[in-house]
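Peer 1: First the structure, which I've put down as C-alpha cells, then a few questions once you've had a look.
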Amino acid sequence: MLQFKELKKLLKNDLSGLPSIKIALAGDTATQFLVTAIQGVGIQRGYSIDLFEAEYNQVERQLLDPTSDLYGFDADFVVIFQSTHKLGEYHSLLSAEQQLSLADERLAFLASICENPVFANKKIIYFNYPEIEDTVFGSYANKVPSSLTYQVRKLNYELMNMAQRYPNLFICDLAGLQNKMGRDMMFSSNVYISTEMVLSLDALPYVASRVMDIVCAIKGQFKKCLILDLDNTLWGGVIGDDGLEGIELGHGLGIGKAFSELQMWVKKLKQRGIIICVASKNNEETAKEPFEKHPDMVLKLDDIAVFQANWETKVDNIRTIQRILNIGFDSMVFLDDNPFERNIVRENIKGITVPELPEDPGDYLEYLYSLNLFETASYSSADKDRTKQYQVEAKRVSLSKTFTNEADFLKSLDMKSTVSGFTKFNTPRVAQLSQRSNQFNLRTVRYTEAEISAMAENPDIIDLSFTLNDKFGDNGLIAVIILKPMDQDTLFIDTWFMSCRVLKRGMESFTLNTIVERAKSAGYRRIVGEYLPTTKNKMVERHFPDLGFIRIQGASSDLYELDVDTYQPKECYIEKQECE
Amino acid sequence: MERKEIFKKLNDIFCDVLDLDEVELSDSTCADDIEEWDSLSHIQLIVAIEKTFRIKFTSLEIMKWKNVGEMVDSIMSK
C-alpha cells in the first residue's frame, strides 16, 4: 500500500492516456485529502479520476437539490461519506425519544437518493459507520435503543438490507476497515481538531483503495482466479521430503492450524466462484497425495480447477493455467511463501497480483484480509459451478501436451458433431448465441427468437446448427450458419458464428464441408461470404481466405467467393451425426 | 537533541513532503515563505514530524505555531 504522500505525487504524472472516470464526492467533514487519495489510487489502477468534490458539509443540499453543482457534474459514481462523528454530534442534540429514530432518519434520506430517477443509472457508494464507543452507557448500551452504539449498529445492519433492495447502492465498508485497523489508526484527534478531517493520513490510502475496489469491480476489473503454491503455502513442510505424515496441517501438529484456516478461506472463495488452481514444483503424484489422503486437508482435488505440479517454472505453469482458463493475467492472484518465486512471477507476468506474504504463516490470513483482493460487484449462486467447467477444459489441454502432432491429438478426442436445422428445441440457444457472439462472428447480424423461427419456416433459407462433444464432455450447440440465395447459382453466407470454446478443433473445416454439401445438393455452384469488421471480431478477419475463398475484386466490402464444383472437402476429425 | 540537528531533519522532511529540491529553514521561516506550504500540506508535515521524532503534538500546538522556530520549540519540549 502506497503512503498518502506517494499517492499525492502520482497526481503529477501525465494522465492523458488513461481512461477517465467521473466521481462525485459529498461528505460532511473535510474531504480534500480523501479526494487526493482516491485520485492517486485511481492512477495506480489505470484510471484518471475526474473528481467533483461537493462543497464542505453540503451533503443534503447537493444530493437533493436538482439544481446543485453535483447534479450538473453528471458523475458515473456518487460517493457519500457521512461520518459517525457528525452523527454523534446530531445524536447529542436530540431527546431520548428522537434518538430512537436516528438510524431510520438516515436510512430514509439515503433511500430518497437511491430512488431519485436522476441517480438511477449512477452507482452510489455509501460509507457505512465505523463505531465510536462513547461509553455513555458502557456495555449496557446494548440494552438501550436510543444509545449511539445501538443506533450506529442498527444503521450498519440496515444499510446491508438496503443495499440488497437498491441495485445501484454499494456500501463501502469503512466499519469493516476500522475493525481491521483499529480506531486509533483510523482517527487522529489533532488532525481532526485542526482540519475537520476524520480520517488519519495513514488510513486514507486504505479508504481510497476500498472505494476504488468497488469502482473497479463495477467496471469489470476484478480477480477471478487464485493460484496456489503448495509446500509451506498450503501446508507446513515439504511433501516430497516430509511425506504425508510429516507435513503440518490441522489442529494437532505445530503450526498446522494456520494452514488449515487458510484452506478454509480458499474453500469459501471457491464456493463464491473464484477459480482455484495449483502451481507447484513437485511430482504430480506426490503433490496430489495430501489432497487425496490427508484427513486434515480442507481442499480436495475437486476444488482445484487446474492442477499444475511438475518441474517446469512457475511462470510457465501460470501461463499454462492462463491459456486453459482464457482469462487475463490481471484477474489472477498468485500465493507463494517463497520471495524468490514471487519476484520471478511478478517480473515475468505483467498484471498478475502477487501478495508479499509475511514470513510467519500464522500471519498469512490477517495479511490477506487487509488487501481485500476479491471485491466483486455481483454474486449469483451459479458462480460456484465454474470449477467443473474448467476442469474439463484442463483435461483437454493436458492431453494435447502428450501428443507431438495436432492431428493425433484431435483424433484422440473422439469428436462428434450433430448437424441440425433450426427447431423449436434449439431456437432459444441459437438466438442467445446470436445476441452474444462477438469474436467469432463474420457479420454480427443479431437475430431474435422470432426471427430465427421465421427463417426455419422459409424454404429458401438453409439454416444449420452444430453441436460438438468429445470424450471429455458435451460443449452443446456451438456454431450457427444461415445461408440465403443471392441468385440462381449463388448462396450467400448471411451468418456464421461460433463459440470460441471450440477453436482449433477443425470445426471451421467441418462446418465448411457441410455448407458445400448442402449447397451442392440444392443445385448452387458458388458460395459468397462476407466479413464485416467490428471492434471485436478481428480474429476472423482472414477466415474466408484461410479456408480457400477468393477475394472478389472491386467489391465495396470484404466479399469472398468459393467454387462449389471444384471444392475438395477439408480433412477434419469430427464425425457427423445428422438429424433433422 | 540539538536545535541544529532538528533543523537538519526538518529540512529533509519539508523537502520530502512538499516535494522541494532544497530548503533552508530558519527560526523565522513561516508558511508565507514557502509556496507549497498550505493548510493541507501543513497536516502532512505534522504527521511526518510526529513519525520522525516519535512524538505527538497537541491540537493546540498545531494551531498556534507562527513559524518554524516555534515548531522546533515544541519538538524540543517533548
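By convention in this document, the chains of the C-alpha cells carry letters A, B, ... by their order, each chain's residues are numbered from 1, and ligands are numbered from 1 in the order they are shown.
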Taking 4 positions as the minimum chain separation for residues in the same chain, which residues sit within 7 Å of A:Ser453 when counting only C-alpha atoms? Answer as a PDB file with N, CA and C atoms, in the first residue's frame.

Peer 2:
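The resulting file, result11.pdb, is shown below:
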```
ATOM      1  N   THR A 427     -33.969 -23.257 -30.995  1.00  0.00           N
ATOM      2  CA  THR A 427     -34.150 -21.836 -31.321  1.00  0.00           C
ATOM      3  C   THR A 427     -33.712 -20.883 -30.193  1.00  0.00           C
ATOM      4  N   GLU A 449     -35.392 -14.542 -31.274  1.00  0.00           N
ATOM      5  CA  GLU A 449     -36.001 -15.863 -31.343  1.00  0.00           C
ATOM      6  C   GLU A 449     -37.077 -15.928 -32.433  1.00  0.00           C
ATOM      7  N   GLU A 457     -38.890 -21.658 -41.051  1.00  0.00           N
ATOM      8  CA  GLU A 457     -40.059 -21.959 -41.879  1.00  0.00           C
ATOM      9  C   GLU A 457     -39.834 -21.640 -43.356  1.00  0.00           C
TER      10      GLU A 457
END
```

Peer 1: Quick one: everything within 9 Å of stretch 384-397 of chain A, counting only C-alpha atoms, minus sequence neighbours fewer than 6 positions away in the same chain. Send it as a list in words.

Peer 2: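 That gives Lys270, Gln271, Arg272, Gly273, Ile274, Ile275, Ile276, Asp302, Asp303, Ile304, Ala305, Val306, Phe307, Thr320, Ile321, Arg323, Ile324, Leu325, Leu413, Phe472 and Gly473 of chain A.
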
Peer 1: For the residues in the current selection, export C-alpha atoms as a CSV table (one decimal), in the first residue's frame.

Peer 2:
```
chain,number,residue,atom,x,y,z
A,270,LYS,CA,-14.1,-21.3,-4.4
A,271,GLN,CA,-17.7,-21.6,-3.2
A,272,ARG,CA,-18.1,-18.0,-4.1
A,273,GLY,CA,-17.0,-18.6,-7.7
A,274,ILE,CA,-13.2,-17.8,-7.6
A,275,ILE,CA,-11.3,-20.4,-9.7
A,276,ILE,CA,-8.7,-22.2,-7.6
A,302,ASP,CA,-12.4,-31.4,-6.7
A,303,ASP,CA,-11.9,-27.9,-5.6
A,304,ILE,CA,-9.0,-27.3,-7.9
A,305,ALA,CA,-9.8,-26.3,-11.5
A,306,VAL,CA,-6.3,-26.7,-12.9
A,307,PHE,CA,-3.6,-28.6,-11.1
A,320,THR,CA,-0.5,-22.7,-19.0
A,321,ILE,CA,-3.2,-22.0,-16.4
A,323,ARG,CA,-4.3,-20.5,-21.5
A,324,ILE,CA,-6.7,-23.0,-20.1
A,325,LEU,CA,-8.9,-20.5,-18.3
A,413,LEU,CA,-10.6,-36.5,-28.8
A,472,PHE,CA,-14.4,-35.2,-22.1
A,473,GLY,CA,-17.8,-33.7,-22.3
```

Peer 1: May I have the residues of chain A within 10 Å of chain B, counting only C-alpha atoms, written as a list in words?

Peer 2: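 Per the criterion, chain A yields Phe4, Lys5, Glu6, Lys8, Lys9, Gln32, Phe33, Ser188, Ser189, Asn190, Val191, Tyr192, Ile193, Ser194, Thr195, Ser200, Leu201 and Asp202 of chain A.
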
Peer 1: Next, write the just-selected residues to a file, as an mmCIF file, in the first residue's frame, keeping C-alpha atoms as the atom set.

Peer 2:
```cif
data_model
loop_
_atom_site.group_PDB
_atom_site.id
_atom_site.type_symbol
_atom_site.label_atom_id
_atom_site.label_comp_id
_atom_site.auth_asym_id
_atom_site.auth_seq_id
_atom_site.Cartn_x
_atom_site.Cartn_y
_atom_site.Cartn_z
ATOM 1 C CA PHE A 4 -0.564 9.208 1.198
ATOM 2 C CA LYS A 5 2.349 11.386 0.107
ATOM 3 C CA GLU A 6 3.272 8.868 -2.599
ATOM 4 C CA LYS A 8 -0.214 12.630 -3.966
ATOM 5 C CA LYS A 9 2.936 12.560 -6.087
ATOM 6 C CA GLN A 32 -9.745 17.264 0.363
ATOM 7 C CA PHE A 33 -7.233 14.567 1.286
ATOM 8 C CA SER A 188 -6.163 11.150 14.663
ATOM 9 C CA SER A 189 -7.537 13.699 17.132
ATOM 10 C CA ASN A 190 -5.060 16.514 16.498
ATOM 11 C CA VAL A 191 -5.593 16.297 12.745
ATOM 12 C CA TYR A 192 -9.345 16.296 13.290
ATOM 13 C CA ILE A 193 -9.293 19.306 15.608
ATOM 14 C CA SER A 194 -7.175 21.407 13.289
ATOM 15 C CA THR A 195 -8.789 20.393 9.983
ATOM 16 C CA SER A 200 -5.897 9.918 9.589
ATOM 17 C CA LEU A 201 -3.228 10.266 6.919
ATOM 18 C CA ASP A 202 -2.314 6.616 7.421
#
```

Peer 1: Just list as a list in words whatever in stretch 58-89 of chain A DSSP marks as strand (DSSP E or B).

Peer 2: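 The residues of stretch 58-89 of chain A classed as strand (DSSP E or B) are Phe77, Val78, Val79, Ile80 and Phe81 of chain A.
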
Peer 1: Can you pull out every residue within 9 Å of B:Phe7, counting only C-alpha atoms, but drop anything in the same chain fewer than 5 positions away, and send it as a list in words?

Peer 2: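 Once the adjacent positions are removed, what remains is Glu2, Asp12, Glu24, Leu25, Ser26, Val68 and Val72 of chain B.
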
Peer 1: I need the helix (DSSP H, G or I) residues of stretch 50-199 of chain A per DSSP on the backbone, written as an NGL selection string.

Peer 2: :A and (59-64 or 69-73 or 84-93 or 96-99 or 102-115 or 117-119 or 138-143 or 148-165 or 174-181 or 183-186 or 189-195)

Peer 1: Include C-alpha atoms and write out the residues we just selected as a short mmCIF file (atom, residue, chain, number, x, y, z; two decimals), in the first residue's frame.

Peer 2:
```
data_model
loop_
_atom_site.label_atom_id
_atom_site.label_comp_id
_atom_site.auth_asym_id
_atom_site.auth_seq_id
_atom_site.Cartn_x
_atom_site.Cartn_y
_atom_site.Cartn_z
CA VAL A 59 -24.41 16.54 1.62
CA GLU A 60 -28.17 17.03 1.81
CA ARG A 61 -28.33 20.09 -0.40
CA GLN A 62 -26.00 18.73 -3.06
CA LEU A 63 -27.82 15.42 -3.24
CA LEU A 64 -31.42 16.60 -3.00
CA ASP A 69 -23.36 21.53 -8.91
CA LEU A 70 -23.22 17.83 -8.12
CA TYR A 71 -26.21 17.16 -10.38
CA GLY A 72 -24.64 19.30 -13.07
CA PHE A 73 -21.39 17.32 -12.93
CA THR A 84 -20.01 8.82 12.68
CA HIS A 85 -18.63 12.00 14.27
CA LYS A 86 -21.33 14.19 12.81
CA LEU A 87 -23.93 11.56 13.50
CA GLY A 88 -22.81 11.54 17.14
CA GLU A 89 -22.96 15.33 17.31
CA TYR A 90 -26.51 15.30 16.00
CA HIS A 91 -27.40 12.45 18.35
CA SER A 92 -26.33 14.56 21.32
CA LEU A 93 -28.78 17.32 20.36
CA ALA A 96 -34.03 10.31 24.06
CA GLU A 97 -37.21 9.75 22.10
CA GLN A 98 -35.85 11.38 18.95
CA GLN A 99 -32.65 9.41 19.31
CA LEU A 102 -31.79 8.40 14.37
CA ALA A 103 -30.87 5.40 12.19
CA ASP A 104 -34.26 5.35 10.47
CA GLU A 105 -33.97 9.01 9.60
CA ARG A 106 -30.59 8.47 7.94
CA LEU A 107 -31.86 5.43 6.07
CA ALA A 108 -34.88 7.34 4.77
CA PHE A 109 -32.55 10.05 3.48
CA LEU A 110 -30.41 7.52 1.65
CA ALA A 111 -33.49 5.74 0.27
CA SER A 112 -34.73 9.02 -1.20
CA ILE A 113 -31.41 9.36 -3.04
CA CYS A 114 -31.43 5.77 -4.29
CA GLU A 115 -34.97 6.20 -5.58
CA PRO A 117 -34.54 8.94 -11.02
CA VAL A 118 -31.54 11.23 -11.55
CA PHE A 119 -29.35 8.63 -9.84
CA GLY A 138 -20.88 1.28 28.83
CA SER A 139 -21.75 -2.20 27.64
CA TYR A 140 -25.26 -1.55 28.84
CA ALA A 141 -25.75 0.48 25.62
CA ASN A 142 -26.64 -2.85 24.04
CA LYS A 143 -29.85 -2.75 26.07
CA LEU A 148 -25.30 5.97 19.93
CA THR A 149 -23.80 2.48 19.91
CA TYR A 150 -27.20 0.92 19.35
CA GLN A 151 -28.20 3.35 16.60
CA VAL A 152 -24.88 3.06 14.74
CA ARG A 153 -25.01 -0.73 14.74
CA LYS A 154 -28.64 -0.69 13.64
CA LEU A 155 -27.71 1.71 10.86
CA ASN A 156 -24.90 -0.52 9.60
CA TYR A 157 -27.13 -3.58 9.69
CA GLU A 158 -29.98 -1.86 7.88
CA LEU A 159 -27.58 -0.47 5.25
CA MET A 160 -26.83 -4.07 4.25
CA ASN A 161 -30.54 -4.74 3.83
CA MET A 162 -30.94 -1.56 1.84
CA ALA A 163 -28.07 -2.43 -0.49
CA GLN A 164 -29.95 -5.60 -1.39
CA ARG A 165 -33.07 -3.61 -2.25
CA LEU A 174 -15.45 1.64 6.44
CA ALA A 175 -16.62 -0.07 9.63
CA GLY A 176 -15.01 -3.30 8.47
CA LEU A 177 -11.80 -1.45 7.71
CA GLN A 178 -11.80 0.07 11.19
CA ASN A 179 -12.32 -3.38 12.69
CA LYS A 180 -9.16 -4.45 10.92
CA MET A 181 -7.01 -1.36 11.50
CA ARG A 183 -9.86 3.17 15.68
CA ASP A 184 -6.59 4.69 16.87
CA MET A 185 -5.06 4.14 13.44
CA MET A 186 -8.14 5.36 11.55
CA SER A 189 -7.54 13.70 17.13
CA ASN A 190 -5.06 16.51 16.50
CA VAL A 191 -5.59 16.30 12.75
CA TYR A 192 -9.35 16.30 13.29
CA ILE A 193 -9.29 19.31 15.61
CA SER A 194 -7.17 21.41 13.29
CA THR A 195 -8.79 20.39 9.98
#
```

Peer 1: So how many Å separate atom CA of A:Lys538 and atom CA of A:Pro428, to one decimal?

Peer 2: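 Value for the atom CA of A:Lys538-atom CA of A:Pro428 distance: 26.7 Å.
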
Peer 1: May I have the residues within 8 Å of A:Tyr56 as a ChimeraX atom specification, using only C-alpha atoms and disregarding those fewer than 3 positions away in the same chain?

Peer 2: /A:26-31

Peer 1: For the atom pair atom CA of A:Phe497 and atom CA of A:Leu464, what is the interatomic distance in Å to one decimal place?

Peer 2: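 Value for the atom CA of A:Phe497-atom CA of A:Leu464 distance: 11.0 Å.
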
Peer 1: List as number ranges by chain the protein and nucleic acid residues near A:Thr233, meaning an atom at most 12 Å away when only C-alpha atoms are counted, but skip any in the same chain fewer than 5 places from it.

Peer 2: A: 227-228, 238-239, 247-249, 255-256, 258-263, 266, 278-280, 334-339, 357-365

Peer 1: Between B:Asp73, B:Asn11, B:Lys78, B:Asn67, which is the closest to B:Thr29 once you count only C-alpha atoms?

Peer 2: B:Asn67

Peer 1: Write out as a VMD selection string which residues come within 12 Å of stretch 37-44 of chain A when counting only C-alpha atoms, dropping same-chain ones fewer than 3 positions away.

Peer 2: chain A and resid 1 to 25 31 to 34 47 to 53 79 199 to 216 351

Peer 1: Mind dumping the selected residues with C-alpha atoms as a PDB file, in the first residue's frame?

Peer 2:
```
ATOM      1  CA  MET A   1       0.000   0.000   0.000  1.00  0.00           C
ATOM      2  CA  LEU A   2       1.463   3.358  -1.024  1.00  0.00           C
ATOM      3  CA  GLN A   3       1.549   6.109   1.584  1.00  0.00           C
ATOM      4  CA  PHE A   4      -0.564   9.208   1.198  1.00  0.00           C
ATOM      5  CA  LYS A   5       2.349  11.386   0.107  1.00  0.00           C
ATOM      6  CA  GLU A   6       3.272   8.868  -2.599  1.00  0.00           C
ATOM      7  CA  LEU A   7      -0.308   8.849  -3.881  1.00  0.00           C
ATOM      8  CA  LYS A   8      -0.214  12.630  -3.966  1.00  0.00           C
ATOM      9  CA  LYS A   9       2.936  12.560  -6.087  1.00  0.00           C
ATOM     10  CA  LEU A  10       1.289  10.250  -8.613  1.00  0.00           C
ATOM     11  CA  LEU A  11      -1.070  13.093  -9.491  1.00  0.00           C
ATOM     12  CA  LYS A  12       1.830  14.948 -11.067  1.00  0.00           C
ATOM     13  CA  ASN A  13       2.163  12.290 -13.776  1.00  0.00           C
ATOM     14  CA  ASP A  14       0.825  12.789 -17.258  1.00  0.00           C
ATOM     15  CA  LEU A  15      -2.626  11.178 -17.195  1.00  0.00           C
ATOM     16  CA  SER A  16      -3.687  11.980 -20.736  1.00  0.00           C
ATOM     17  CA  GLY A  17      -3.553   8.366 -21.926  1.00  0.00           C
ATOM     18  CA  LEU A  18      -5.684   6.958 -19.113  1.00  0.00           C
ATOM     19  CA  PRO A  19      -9.411   6.282 -19.414  1.00  0.00           C
ATOM     20  CA  SER A  20     -11.350   8.703 -17.267  1.00  0.00           C
ATOM     21  CA  ILE A  21     -13.996   8.003 -14.605  1.00  0.00           C
ATOM     22  CA  LYS A  22     -16.231  10.712 -13.203  1.00  0.00           C
ATOM     23  CA  ILE A  23     -16.726  10.521  -9.457  1.00  0.00           C
ATOM     24  CA  ALA A  24     -18.648  12.986  -7.291  1.00  0.00           C
ATOM     25  CA  LEU A  25     -17.846  13.037  -3.590  1.00  0.00           C
ATOM     26  CA  THR A  31     -12.580  15.573   2.294  1.00  0.00           C
ATOM     27  CA  GLN A  32      -9.745  17.264   0.363  1.00  0.00           C
ATOM     28  CA  PHE A  33      -7.233  14.567   1.286  1.00  0.00           C
ATOM     29  CA  LEU A  34      -9.675  11.793   0.506  1.00  0.00           C
ATOM     30  CA  TYR A  47      -7.713   5.415 -14.424  1.00  0.00           C
ATOM     31  CA  SER A  48      -7.690   9.160 -14.490  1.00  0.00           C
ATOM     32  CA  ILE A  49     -10.311  10.191 -11.930  1.00  0.00           C
ATOM     33  CA  ASP A  50     -12.283  13.290 -12.772  1.00  0.00           C
ATOM     34  CA  LEU A  51     -13.461  14.121  -9.268  1.00  0.00           C
ATOM     35  CA  PHE A  52     -16.059  16.627  -8.212  1.00  0.00           C
ATOM     36  CA  GLU A  53     -15.875  17.490  -4.531  1.00  0.00           C
ATOM     37  CA  VAL A  79     -19.562   8.674  -3.195  1.00  0.00           C
ATOM     38  CA  LEU A 199      -9.560  10.044   8.607  1.00  0.00           C
ATOM     39  CA  SER A 200      -5.897   9.918   9.589  1.00  0.00           C
ATOM     40  CA  LEU A 201      -3.228  10.266   6.919  1.00  0.00           C
ATOM     41  CA  ASP A 202      -2.314   6.616   7.421  1.00  0.00           C
ATOM     42  CA  ALA A 203      -5.916   5.475   6.904  1.00  0.00           C
ATOM     43  CA  LEU A 204      -6.507   7.435   3.692  1.00  0.00           C
ATOM     44  CA  PRO A 205      -4.767   5.045   1.243  1.00  0.00           C
ATOM     45  CA  TYR A 206      -6.768   2.132   2.651  1.00  0.00           C
ATOM     46  CA  VAL A 207     -10.071   4.001   2.485  1.00  0.00           C
ATOM     47  CA  ALA A 208      -9.384   5.229  -1.053  1.00  0.00           C
ATOM     48  CA  SER A 209      -8.385   1.721  -2.026  1.00  0.00           C
ATOM     49  CA  ARG A 210     -11.679   0.336  -0.728  1.00  0.00           C
ATOM     50  CA  VAL A 211     -13.575   2.926  -2.769  1.00  0.00           C
ATOM     51  CA  MET A 212     -11.623   2.094  -5.914  1.00  0.00           C
ATOM     52  CA  ASP A 213     -12.059  -1.651  -5.284  1.00  0.00           C
ATOM     53  CA  ILE A 214     -15.793  -1.100  -5.714  1.00  0.00           C
ATOM     54  CA  VAL A 215     -15.393   1.226  -8.702  1.00  0.00           C
ATOM     55  CA  CYS A 216     -13.055  -1.194 -10.479  1.00  0.00           C
ATOM     56  CA  GLY A 351      -0.644  -7.618 -14.396  1.00  0.00           C
TER      57      GLY A 351
END
```

Peer 1: Can you tell me how far atom CA of A:Lys223 sits from atom CA of A:Leu433, in Å to one decimal?

Peer 2: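 These two atoms are separated by 25.9 Å.
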